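Everything on this sheet refers to the single structure shown next.
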Amino acid sequence: MSQKSRLHIPHAAARPGETPDFSYLALSPAGAVARPPVDSRMSDIEFLSNDLVRVLDENHAAQGPWNPGLDSSTLLEALRLMVLVRQYDDRMQRMQRQGKITFYVQSLGEEAVSIGGGLALRDSDMLFPAYRNQGLYILRNTGLVEMMSHCLSNTNDFCRGRQMPVFYQNAKNRVFTISGNLATQYPQAVGWAMAAAIKGEDAIAASWVGDGSTAEADFHYALTFAAVYQAPVILNVVNNQWAISTFQGVAGGERRSFAARGLGLGIPGVRVDGNDLLAVYAVTQWAAERARSGGGPTLIELVTYRGGAHSTSDDPTRYRPKDEWAAFPLGDPLHRLKGHLVQAGSWSDEQHLAMEEQMKQYVLDCWKKATTFGTMTEGPFLRVHEMFEDVFEHMPQHLQRQQAQLLELEGI
Amino acid sequence: MSQKSRLHIPHAAARPGETPDFSYLALSPAGAVARPPVDSRMSDIEFLSNDLVRVLDENHAAQGPWNPGLDSSTLLEALRLMVLVRQYDDRMQRMQRQGKITFYVQSLGEEAVSIGGGLALRDSDMLFPAYRNQGLYILRNTGLVEMMSHCLSNTNDFCRGRQMPVFYQNAKNRVFTISGNLATQYPQAVGWAMAAAIKGEDAIAASWVGDGSTAEADFHYALTFAAVYQAPVILNVVNNQWAISTFQGVAGGERRSFAARGLGLGIPGVRVDGNDLLAVYAVTQWAAERARSGGGPTLIELVTYRGGAHSTSDDPTRYRPKDEWAAFPLGDPLHRLKGHLVQAGSWSDEQHLAMEEQMKQYVLDCWKKATTFGTMTEGPFLRVHEMFEDVFEHMPQHLQRQQAQLLELEGI
Amino acid sequence: MAQMTMIQAINSALDIMLDIDPSVVILGEDVGYFGGVFRCTEGLQKKYGDHRVIDAPIAEGGIIGTAIGLGVNGLRPVAEIQFADYIYPGFDQVVSELARLRYRSDGTFYSPVTIRTPCGGGIRGGQTHSQSPEAIFTHISGLITVMPSNPFDAKGLLVSAIESNDPVIFFEPKRIYNGPFDGDPNNPSVPWSSHPLGEVPEAYYNVPLGKAALVETGHELTIISYGTIVHVAQAAAKLAGVSADIIDVRTLMPLDIDTIRQSVSKTGRCLVAHEATRFCGYGAELVATVQEECFWSLEAPIERVTGWDTPYPHAFEWQYFPGQKRLLAGIRKVMEAK
Amino acid sequence: MAQMTMIQAINSALDIMLDIDPSVVILGEDVGYFGGVFRCTEGLQKKYGDHRVIDAPIAEGGIIGTAIGLGVNGLRPVAEIQFADYIYPGFDQVVSELARLRYRSDGTFYSPVTIRTPCGGGIRGGQTHSQSPEAIFTHISGLITVMPSNPFDAKGLLVSAIESNDPVIFFEPKRIYNGPFDGDPNNPSVPWSSHPLGEVPEAYYNVPLGKAALVETGHELTIISYGTIVHVAQAAAKLAGVSADIIDVRTLMPLDIDTIRQSVSKTGRCLVAHEATRFCGYGAELVATVQEECFWSLEAPIERVTGWDTPYPHAFEWQYFPGQKRLLAGIRKVMEAK
Ligand SMILES: Cc1ncc(C[n+]2csc(CCOP(=O)(O)OP(=O)(O)O)c2C)c(N)n1
Ligand SMILES: Cc1ncc(C[n+]2csc(CCOP(=O)(O)OP(=O)(O)O)c2C)c(N)n1
Ligand SMILES: [Mg+2]
Ligand SMILES: [Mg+2]
């Protein structure tokens with residue numbers, strides 16, 4: 001039946017034991033894609049959703065019209081942030097493996113997505129991340145100690161033990177709280193952007209979801225409302241090829257790019273090399289300029305690869321080749337930016353090693369500091385009665401009673 | 001603030017008291033749009049989502065490659081069905097106004113959508129209509145007496161008084177039961193089509209939603225699943241310009257056609273003159289051939305106009321010009337098909353009048369017959385205990401008890 | 001004071017809040033140019049502009065999702081869902097987001113959204129225009145759930161809802177939009193102008209959330225209800241000739257337990273009534289609460305009178321609706337039990 | 001007979017049904033090649049092909065919507081929702097369609113969909129991987145709602161669910177996927193192989209829907225529960241030294257009222273326990289039912305022990321979870337009341 005069936009079942013290009021195969025990925029050479037003005041007509045920029053905007057070539061040189069021309073101190077800061085994110089991930093992943101935290105999600109291989117995108121936005125712009133955007137929190141000066149404290153659910157946790165690890169937040173610096181439910185932040189970002197427009201403020205909003213999450217209703221709601229009201233928002237799809245065990249084809253990526261998803265609503269889409277910090281920066285900047293000048297929403301697809309497991313609860317060797325990441329044609333974003341700086345003469349392998357070491361040490365110091373606020377096994381602990389707070393602004397009677405009941409039971 | 005605001009609020013082209021303005025509608029001359037082979041590459045048929053497939057020209061002559069070449073007896077049958085639908089609507093609308101039924105929805109001006117689309121499909125194909133597709137039920141030989149009995153909630157109602165008027169069904173002839181919740185039938189149609197493919201059957205499914213309903217999640221789910229599994233399904237969007245009081249721009253129709261909504265998923269879209277029965281037939285046939293031969297889903301936008309009120313609960317003079325329908329550039333589908341037959345010499349005004357009279361009389365006879373099964377005020381009535389049946393396949397204890405309680409109270 | 005229908009009272013509340021608080025915005029299907037299918041937002045777009053009263057796409061989840069974002073960015077959104085039956089497509093945004101935002105962020109993020117939605121049957125709406133899904137929302141921690149039974153409360157509670165920094169699900173029993181309803185569809189319909197609670201101040205006032213109203217005072221029986229059924233209960237108690245405390249819960253979550261306890265401790269008998277389906281409905285919580293709070297005072301089993309556990313059938317609207325006959329039978333049962 | 005975990009028992013039920021009924025198909029997120037994040041569908045795609053065990057896009061509403069269509073076209077779909085917390089995006093398709101199809105079409109259309117979904121806390125999942133939303137579904141007329149507490153029942157009830165022509169929401173308490181749990185996280189974890197109900201026939205059998213199980217017999221108290229808490233209740237009753245009937249409801253809707261009535265009429269005391277939030281939870285219906293059915297036998301107020309009316313906090317999992325201590329306190333309270 002399967003042979004002559006009209007039911008098409010998407011199959012991953014390679015499964016465990018097979019040779020990685022990225023022939024399905026359409027690539028453009030660095031510098032090859034034009035950079036149209038932000039006020040171009042839709043039909044004149046549709047190519048951006050098929051081609052792949054790239055700046056860094058194989059020799060790590062910046063090419064073409066999308067080169068944002070960033071100075072080396074900015075680029076070095078970007079590199080530092082990417083290294084910091086990776087070191088943070090590495091430590092936290094290991095802490096989970098040692099049972100110090102209950103859960104963790106790495107962004108290995110996707111660091112340029114958050115750092116490149118975040119850097120191109122203003123501090124007043126509001127970010128609505130997904131759980132693999134820890135880079136955005138770090139970029140927006142969320143203290144590592146605080147982020148770690150959150151993962152420890154300790155007395156310094158900014159959400160007071162209410163959430164699982166990695167569901168960060170930073171209200172002060174305009175990064176939203178993360179939800180366990182995929183894609184819910186997407187229409188919220190559109191609403192936030194609409195409010196900015198209603199209030200006449202020039203801040204914009206940006207949000208991120210994974211390739212798999214585009215199938216959710218909230219993706220559609222966000223695109224529809226953004227298109228109808230021309231909301232000043234950037235909608236990012238991080239296509240890291242996988243959604244837990246299903247490859248991007250199961251989310252509908254076999255026939256057309258994710259960047260193309262908004263075309264039918266008149267939302268321009270840009271497909272960008274997500275492992276090329278310069279390209280990510282440039283494309284985000286372009287979209288931000290559109291939004292800020294009243295041009296409305298842009299959908300950006302960031303083509304990247306999930307270098308690690310989905311989460312610490314996952315074992316990817318069950319569903320994809322072990323060496324797939326190594327075969328990914330867009331490489332390692334960190335390696336590429338470093339190469340660029342080295343080839344430009346502003347950085348060296350030695351400096352890099354030293355910086356890596358420094359970040360590693362910094363992360364370790366932060367971890368030590370974070371644990372002074374409590375761990376899962378050692379105090380200080382959050383006080384159990386805090387569990388009843390913030391359900392409502394003011395605690396209603398039934399929660400006061402339940403709180404009292406618990407305190408009595410716990411002998412507090 | 002509104003002047004320099006970045007919030008775009010869609011505004012209808014004309015409101016009550018203003019002159020109707022359809023300049024926003026992109027039209028193509030009859031016969032002007034190419035008819036590509038059904039196995040064309042997506043990129044080669046994208047134009048179909050922008051252009052407007054039309055067959056009948058201003059002189060009611062059939063033009064161009066989409067002319068389905070139907071023989072006159074088929075066309076006369078189509079005309080008869082459209083007249084029947086209009087007469088049915090007319091009678092039922094008046095019966096609602098006289099308080100004989102509680103609610104009604106006309107399809108005035110949209111008759112070619114159901115009749116043209118339905119005729120191009122096979123009896124074994126399954127239809128998932130919206131509430132303005134009464135034409136599909138009539139086409140599929142649902143007795144008018146039964147449809148009217150349903151609207152009367154009488155003893156002959158095929159859903160035994162469970163639903164409001166116009167929520168028809170016809171399982172035997174493969175037309176699905178209508179839901180009050182917009183667009184829910186869309187992913188169900190995709191599921192039905194997937195099952196056909198799984199079972200190796202060559203039936204396909206077709207579904208219809210309104211322009212306004214495309215904003216619902218189910219629209220997105222249907223497109224996504226249809227694209228991923230290449231389900232043999234035809235997804236129709238009936239763009240009748242209005243969704244109660246909001247014009248199609250509020251559903252995102254200002255920048256791109258509804259036919260284009262699936263492009264980003266690789267679903268071809270065809271925009272068709274929904275008031276041109278020949279064009280509707282031809283486009284449906286094309287999409288059916290694609291689906292049946294394993295080509296996957298097609299999205300069809302039928303450009304039409306809601307000639308009447310949204311429903312009997314609505315008063316459109318509050319939000320649109322009274323004479324808007326008269327100004328609609330695609331005219332009246334019934335008038336156009338009749339004109340075509342007359343100009344081809346297979347029909348005459350006299351014959352038409354006689355047929356109209358005959359249909360009117362037939363509808364009246366059916367109404368009389370239907371009322372013998374009971375009306376809202378006169379028996380026979382459904383038995384009240386039937387209310388508890390079909391919640392589950394077998395009535396559980398708690399419903400048996402509630403049923404007994406009611407019967408006791410009612411003294412039955 | 002003016003005579004207002006519930007629709008006018010709701011319109012008045014919205015008008016006042018749009019006027020005094022520039023952060024208030026309204027969005028929903030057909031709420032703008034048209035003024036809403038039940039006319040609750042009539043004239044408001046004209047008065048406050050299309051940036052404050054916004055016609056939305058037909059996407060309940062999108063309406064609620066964007067409303068949350070509007071609220072996070074400092075506005076105070078009032079979203080209309082055209083029928084309560086159509087709130088389900090937005091359920092995830094309500095449950096997982098709106099209700100949880102404050103908690104999950106330790107109070108640093110919240111969104112003061114009010115969701116207004118007409119509920120209940122009695123207008124021949126069949127199963128998809130008649131539902132009363134309030135119980136589902138009261139079970140979700142983090143939501144305030146309200147259902148007024150008259151124009152005065154509707155306005156005052158809606159003002160409080162909009163002012164609340166917590167999300168509020170505001171159910172409007174559409175059967176009594178235009179007048180109170182005693183549960184007998186054969187009686188001539190009565191306008192709000194003939195009811196004391198149809199007298200509504202034109203100016204600002206509020207009715208606090210979380211407080212029940214004792215609409216009748218008696219000593220033999222406590223009837224606990226809300227929405228349309230409050231009026232049915234009043235009629236039935238009169239018919240039965242029983243001296244009853246009739247409690248209109250008004251705010252379903254948080255529940256005013258004190259008012260209930262005081263009454264049932266006094267009367268010793270209790271009947272709970274609502275239009276929604278029975279199994280695991282809000283009445284179950286009322287019964288559970290009463291038996292927990294007043295067990296030793298109870299002289300008879302608490303009686304529940306509700307809609308049947310079926311969808312709302314078009315043909316049998318009045319056999320489905322818990323009208324006077326059913327209330328009366330319930331009252332007799334609880335009064336005669338011993 | 002074999003020793004099976006609940007996961008293996010579920011896998012076995014699916015395997016058997018795929019085998020004996022060619023119309024059975026499975027769809028859900030990660031259920032195909034990977035075999036499910038909890039491994040319940042492991043090996044099934046390989047065995048039955050990719051047309052019968054289907055990896056779905058991440059769209060719960062799409063999964064349920066297409067499952068309905070698959071069912072209408074003669075298949076018997078088993079949909080997996082990865083966590084019960086993620087069923088809400090599919091809520092409209094469940095409530096407005098799946099539950100209502102048979103009723104609205106006078107039985108001519110129906111879709112025999114089973115929705116399997118892991119629920120409950122105790123695995124450090126925080127507020128979005130720990131919910132127990134069963135009460136919401138039991139309030140919706142037209143749905144059968146099930147929650148097993150052990151491998152034997154899980155397999156037998158799942159077979160019945162798949163065979164049922166009515167839609168079934170099948171909740172799987174993930175805390176007891178791998179072993180029973182007495183409610184004390186400090187006790188060493190116990191595998192199902194040490195529990196009599198971990199013995200599961202490899203062949204086909206079923207456990208009928210709508211029948212509760214009396215898992216312990218006593219005369220002083222009736223404890224009514226389901227899912228994980230059944231085991232906690234057993235441990236707590238033992239600790240308290242009370243002779244209790246312990247009823248595992250198993251099928252939440254329709255409820256086996258007879259078993260409950262018989263027990264409480266005998267014991268005169270009743271405690272109701274579940275993990276879900278309290279207000280308007282399933283326990284409220286149990287309390288209401290018991291007081292309606294057994295009022296005159298009751299010697300003490302019915303006690304409810306539940307999760308608190310807050311989201312499930314990551315840091316306070318064990319203070320949130322109604323463990324032995326809370327059950328014990330509840331038992332004491334109901335036993336001492338007079
Ligand atoms: C509504 C909802 N459904 C399912 C899940 C379970 N889930 C968590 S992550 C994930 C995969 C997401 O994949 P993708 O969007 O591609 O993001 P990535 O993990 O690749 O960054 C799934 C299915 C969830 N969290 N929320
Ligand atoms: C989920 C849901 N939301 C809202 C409604 C109320 N409603 C009924 S018809 C309608 C307008 C639909 O417009 P469109 O899809 O364009 O179809 P048309 O009436 O024009 O044929 C609305 C908002 C509904 N029935 N279901
Ligand atoms: Mg992904
Ligand atoms: Mg329309």
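Ligands are numbered from 1 in the order shown, residues from 1 within each chain, and chains are lettered A, B, ... in the order they appear in the structure tokens.
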| message | Taking 3 positions as the minimum chain separation for residues in the same chain, which residues sit within 8 Å of region 159-168 of chain D when counting only C-alpha atoms? Answer as a list in words. | response |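 Those residues are Phe392 and Glu393 of chain B; Ala13, Leu14, Met17, Arg76, Pro77, Val78, Leu98, Ala99, Tyr110, Ser111, Pro112, Val113, Thr114, Ile115, Gly142, Leu143, Ile144, Thr145, Val146, Lys155, Gly156, Tyr205, Asn206, Val207, Pro208 and Leu209 of chain D.
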| said: Please find the residues of chain B near chain A - the criterion being any atom within 6 Å, counting only C-alpha atoms - and write them as an NGL selection string. | reply: :B and (6-9 or 197 or 217 or 228-230 or 252 or 255-256 or 260-261 or 264-266 or 294)
How would the residues just chosen look if you wrote them out with N, CA and C atoms as a PDB file, in the first residue's frame?
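What follows is the written file out_4.pdb:
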```pdb
ATOM      1  N   ARG B   6       1.764  53.763  13.520  1.00  0.00           N
ATOM      2  CA  ARG B   6       2.239  52.586  12.819  1.00  0.00           C
ATOM      3  C   ARG B   6       1.220  51.463  12.893  1.00  0.00           C
ATOM      4  N   LEU B   7       0.099  51.693  13.587  1.00  0.00           N
ATOM      5  CA  LEU B   7      -0.938  50.672  13.631  1.00  0.00           C
ATOM      6  C   LEU B   7      -1.854  50.888  12.440  1.00  0.00           C
ATOM      7  N   HIS B   8      -1.878  49.914  11.592  1.00  0.00           N
ATOM      8  CA  HIS B   8      -2.741  50.015  10.423  1.00  0.00           C
ATOM      9  C   HIS B   8      -4.107  49.423  10.767  1.00  0.00           C
ATOM     10  N   ILE B   9      -5.143  50.204  10.631  1.00  0.00           N
ATOM     11  CA  ILE B   9      -6.493  49.677  10.844  1.00  0.00           C
ATOM     12  C   ILE B   9      -7.148  49.539   9.470  1.00  0.00           C
ATOM     13  N   ALA B 197      -6.449   8.019   1.781  1.00  0.00           N
ATOM     14  CA  ALA B 197      -5.125   7.647   1.275  1.00  0.00           C
ATOM     15  C   ALA B 197      -4.586   6.429   2.016  1.00  0.00           C
ATOM     16  N   ALA B 217      -7.520  29.062  13.925  1.00  0.00           N
ATOM     17  CA  ALA B 217      -6.441  28.073  14.000  1.00  0.00           C
ATOM     18  C   ALA B 217      -6.686  26.899  13.068  1.00  0.00           C
ATOM     19  N   VAL B 228       1.913  18.632   4.753  1.00  0.00           N
ATOM     20  CA  VAL B 228       2.882  17.639   5.251  1.00  0.00           C
ATOM     21  C   VAL B 228       2.604  16.267   4.659  1.00  0.00           C
ATOM     22  N   TYR B 229       1.335  15.849   4.683  1.00  0.00           N
ATOM     23  CA  TYR B 229       0.999  14.500   4.216  1.00  0.00           C
ATOM     24  C   TYR B 229       0.508  14.486   2.778  1.00  0.00           C
ATOM     25  N   GLN B 230       0.535  15.653   2.118  1.00  0.00           N
ATOM     26  CA  GLN B 230       0.035  15.750   0.733  1.00  0.00           C
ATOM     27  C   GLN B 230      -1.337  15.091   0.615  1.00  0.00           C
ATOM     28  N   GLY B 252      -7.131  39.853   6.738  1.00  0.00           N
ATOM     29  CA  GLY B 252      -5.802  39.841   6.130  1.00  0.00           C
ATOM     30  C   GLY B 252      -5.819  39.828   4.612  1.00  0.00           C
ATOM     31  N   ARG B 255      -3.478  42.658   1.400  1.00  0.00           N
ATOM     32  CA  ARG B 255      -2.184  42.659   0.702  1.00  0.00           C
ATOM     33  C   ARG B 255      -2.001  41.541  -0.295  1.00  0.00           C
ATOM     34  N   ARG B 256      -2.719  40.455  -0.061  1.00  0.00           N
ATOM     35  CA  ARG B 256      -2.491  39.279  -0.893  1.00  0.00           C
ATOM     36  C   ARG B 256      -3.798  38.507  -0.938  1.00  0.00           C
ATOM     37  N   ALA B 260      -3.426  32.700  -1.907  1.00  0.00           N
ATOM     38  CA  ALA B 260      -1.977  32.648  -1.688  1.00  0.00           C
ATOM     39  C   ALA B 260      -1.592  32.105  -0.314  1.00  0.00           C
ATOM     40  N   ARG B 261      -2.591  31.872   0.540  1.00  0.00           N
ATOM     41  CA  ARG B 261      -2.287  31.519   1.929  1.00  0.00           C
ATOM     42  C   ARG B 261      -1.482  30.244   2.115  1.00  0.00           C
ATOM     43  N   GLY B 264       3.267  29.392   1.116  1.00  0.00           N
ATOM     44  CA  GLY B 264       4.423  29.233   1.997  1.00  0.00           C
ATOM     45  C   GLY B 264       4.592  27.813   2.502  1.00  0.00           C
ATOM     46  N   LEU B 265       3.571  26.995   2.304  1.00  0.00           N
ATOM     47  CA  LEU B 265       3.660  25.591   2.674  1.00  0.00           C
ATOM     48  C   LEU B 265       3.780  24.717   1.436  1.00  0.00           C
ATOM     49  N   GLY B 266       3.828  25.369   0.298  1.00  0.00           N
ATOM     50  CA  GLY B 266       3.902  24.604  -0.940  1.00  0.00           C
ATOM     51  C   GLY B 266       2.551  24.116  -1.431  1.00  0.00           C
ATOM     52  N   GLY B 294      -2.524  12.026  -6.721  1.00  0.00           N
ATOM     53  CA  GLY B 294      -1.413  12.048  -5.784  1.00  0.00           C
ATOM     54  C   GLY B 294      -0.667  13.370  -5.738  1.00  0.00           C
TER      55      GLY B 294
END
```
| said: Please identify all protein, DNA and RNA residues within 8 Å of ligand 4, counting only C-alpha atoms and all ligand atoms, and report them as a ChimeraX atom specification. | reply: /B:210-213,238-244,247-248,306
Dump as a PDB file, in the first residue's frame, selection limited to N, CA and C atoms:
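This went into out36.pdb:
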```
ATOM      1  N   GLY B 210     -15.330  30.470   5.052  1.00  0.00           N
ATOM      2  CA  GLY B 210     -15.442  31.852   4.608  1.00  0.00           C
ATOM      3  C   GLY B 210     -14.120  32.587   4.732  1.00  0.00           C
ATOM      4  N   ASP B 211     -14.035  33.731   4.088  1.00  0.00           N
ATOM      5  CA  ASP B 211     -12.835  34.561   4.171  1.00  0.00           C
ATOM      6  C   ASP B 211     -12.506  34.888   5.627  1.00  0.00           C
ATOM      7  N   GLY B 212     -13.507  35.266   6.378  1.00  0.00           N
ATOM      8  CA  GLY B 212     -13.270  35.630   7.772  1.00  0.00           C
ATOM      9  C   GLY B 212     -12.727  34.467   8.581  1.00  0.00           C
ATOM     10  N   SER B 213     -13.212  33.281   8.278  1.00  0.00           N
ATOM     11  CA  SER B 213     -12.826  32.100   9.056  1.00  0.00           C
ATOM     12  C   SER B 213     -11.384  31.678   8.841  1.00  0.00           C
ATOM     13  N   VAL B 238     -14.281  30.739   0.566  1.00  0.00           N
ATOM     14  CA  VAL B 238     -15.328  31.506  -0.103  1.00  0.00           C
ATOM     15  C   VAL B 238     -15.185  32.961   0.334  1.00  0.00           C
ATOM     16  N   ASN B 239     -14.546  33.729  -0.532  1.00  0.00           N
ATOM     17  CA  ASN B 239     -14.330  35.135  -0.189  1.00  0.00           C
ATOM     18  C   ASN B 239     -15.506  35.953  -0.714  1.00  0.00           C
ATOM     19  N   ASN B 240     -16.487  36.099   0.186  1.00  0.00           N
ATOM     20  CA  ASN B 240     -17.680  36.864  -0.194  1.00  0.00           C
ATOM     21  C   ASN B 240     -17.573  38.304   0.309  1.00  0.00           C
ATOM     22  N   GLN B 241     -16.378  38.747   0.564  1.00  0.00           N
ATOM     23  CA  GLN B 241     -16.027  40.135   0.909  1.00  0.00           C
ATOM     24  C   GLN B 241     -16.394  40.528   2.337  1.00  0.00           C
ATOM     25  N   TRP B 242     -17.275  39.804   2.980  1.00  0.00           N
ATOM     26  CA  TRP B 242     -17.720  40.202   4.309  1.00  0.00           C
ATOM     27  C   TRP B 242     -17.727  39.028   5.281  1.00  0.00           C
ATOM     28  N   ALA B 243     -17.472  39.324   6.533  1.00  0.00           N
ATOM     29  CA  ALA B 243     -17.611  38.374   7.633  1.00  0.00           C
ATOM     30  C   ALA B 243     -18.451  39.115   8.684  1.00  0.00           C
ATOM     31  N   ILE B 244     -19.724  38.833   8.696  1.00  0.00           N
ATOM     32  CA  ILE B 244     -20.687  39.688   9.403  1.00  0.00           C
ATOM     33  C   ILE B 244     -20.370  41.122   8.995  1.00  0.00           C
ATOM     34  N   PHE B 247     -15.053  43.599   6.685  1.00  0.00           N
ATOM     35  CA  PHE B 247     -14.746  43.265   5.292  1.00  0.00           C
ATOM     36  C   PHE B 247     -13.499  42.389   5.254  1.00  0.00           C
ATOM     37  N   GLN B 248     -13.224  41.848   4.088  1.00  0.00           N
ATOM     38  CA  GLN B 248     -12.183  40.823   4.006  1.00  0.00           C
ATOM     39  C   GLN B 248     -10.788  41.320   4.399  1.00  0.00           C
ATOM     40  N   ARG B 306     -21.494  38.338  -0.726  1.00  0.00           N
ATOM     41  CA  ARG B 306     -22.641  37.911   0.084  1.00  0.00           C
ATOM     42  C   ARG B 306     -23.802  38.843  -0.224  1.00  0.00           C
TER      43      ARG B 306
END
```
| What's the 9 Å shell around region 89-101 of chain A, counting only C-alpha atoms, without same-chain residues fewer than 5 positions away, as a list in words? | Leu84, Gln106, Ser107, Leu108, Gln134, Met148, Cys151, Leu152, Ser153, Pro165, Thr312, Lys360, Val363, Leu364, Trp367, Thr375, Met376 and Thr377 of chain A
| message | I need the helix (DSSP H, G or I) residues of region 161-273 of chain D per DSSP on the backbone, written as a PyMOL selection string. | response | chain D and resi 161-163+174-176+192-194+196-198+228-240+257-267
| message | Select, as a list of chain:residue names, those residues of chain D with any atom no more than 6 Å from chain B (distances computed using only C-alpha atoms). | response | D:Gly62, D:Gly65, D:Thr66, D:Ala67, D:Ile68, D:Gly69, D:Leu70, D:Asn73, D:Arg102, D:Tyr103, D:Arg104, D:Ser105, D:Asp106, D:Gly107, D:Gly142
| message | Restricting the calculation to only C-alpha atoms: of D:Asp153, D:Asp92, D:Asp248, D:Glu199, which residue gets closest to chain C? | response | D:Asp92
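For chain C, the residues close to chain D, meaning within 7 Å and counting only C-alpha atoms, are Tyr88, Pro89, Phe91, Asp92, Ala135, Ile136, Thr138, His139, Ser141, Phe279, Cys280, Gly281, Tyr282, Ala284, Glu285, Val287, Ala288, Gln291, Glu292, Phe295, Pro301, Ile302, Asp309, Thr310 and Pro311 of chain C.
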| request: For each of C:Ser265, C:Gln324, C:Ser23, C:Ser193, take the minimum atom-to-atom distance to Ala240 (chain C), counting only C-alpha atoms, then give the residue where this is smallest. | output: C:Gln324
| query | Of the candidates A:Gly307, A:Pro321, A:Pro333, A:Gly411, which one gets nearest to ligand 1 if we count only C-alpha atoms and all ligand atoms? | reply |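 Of all the options, A:Gly307 lies closest to ligand 1.
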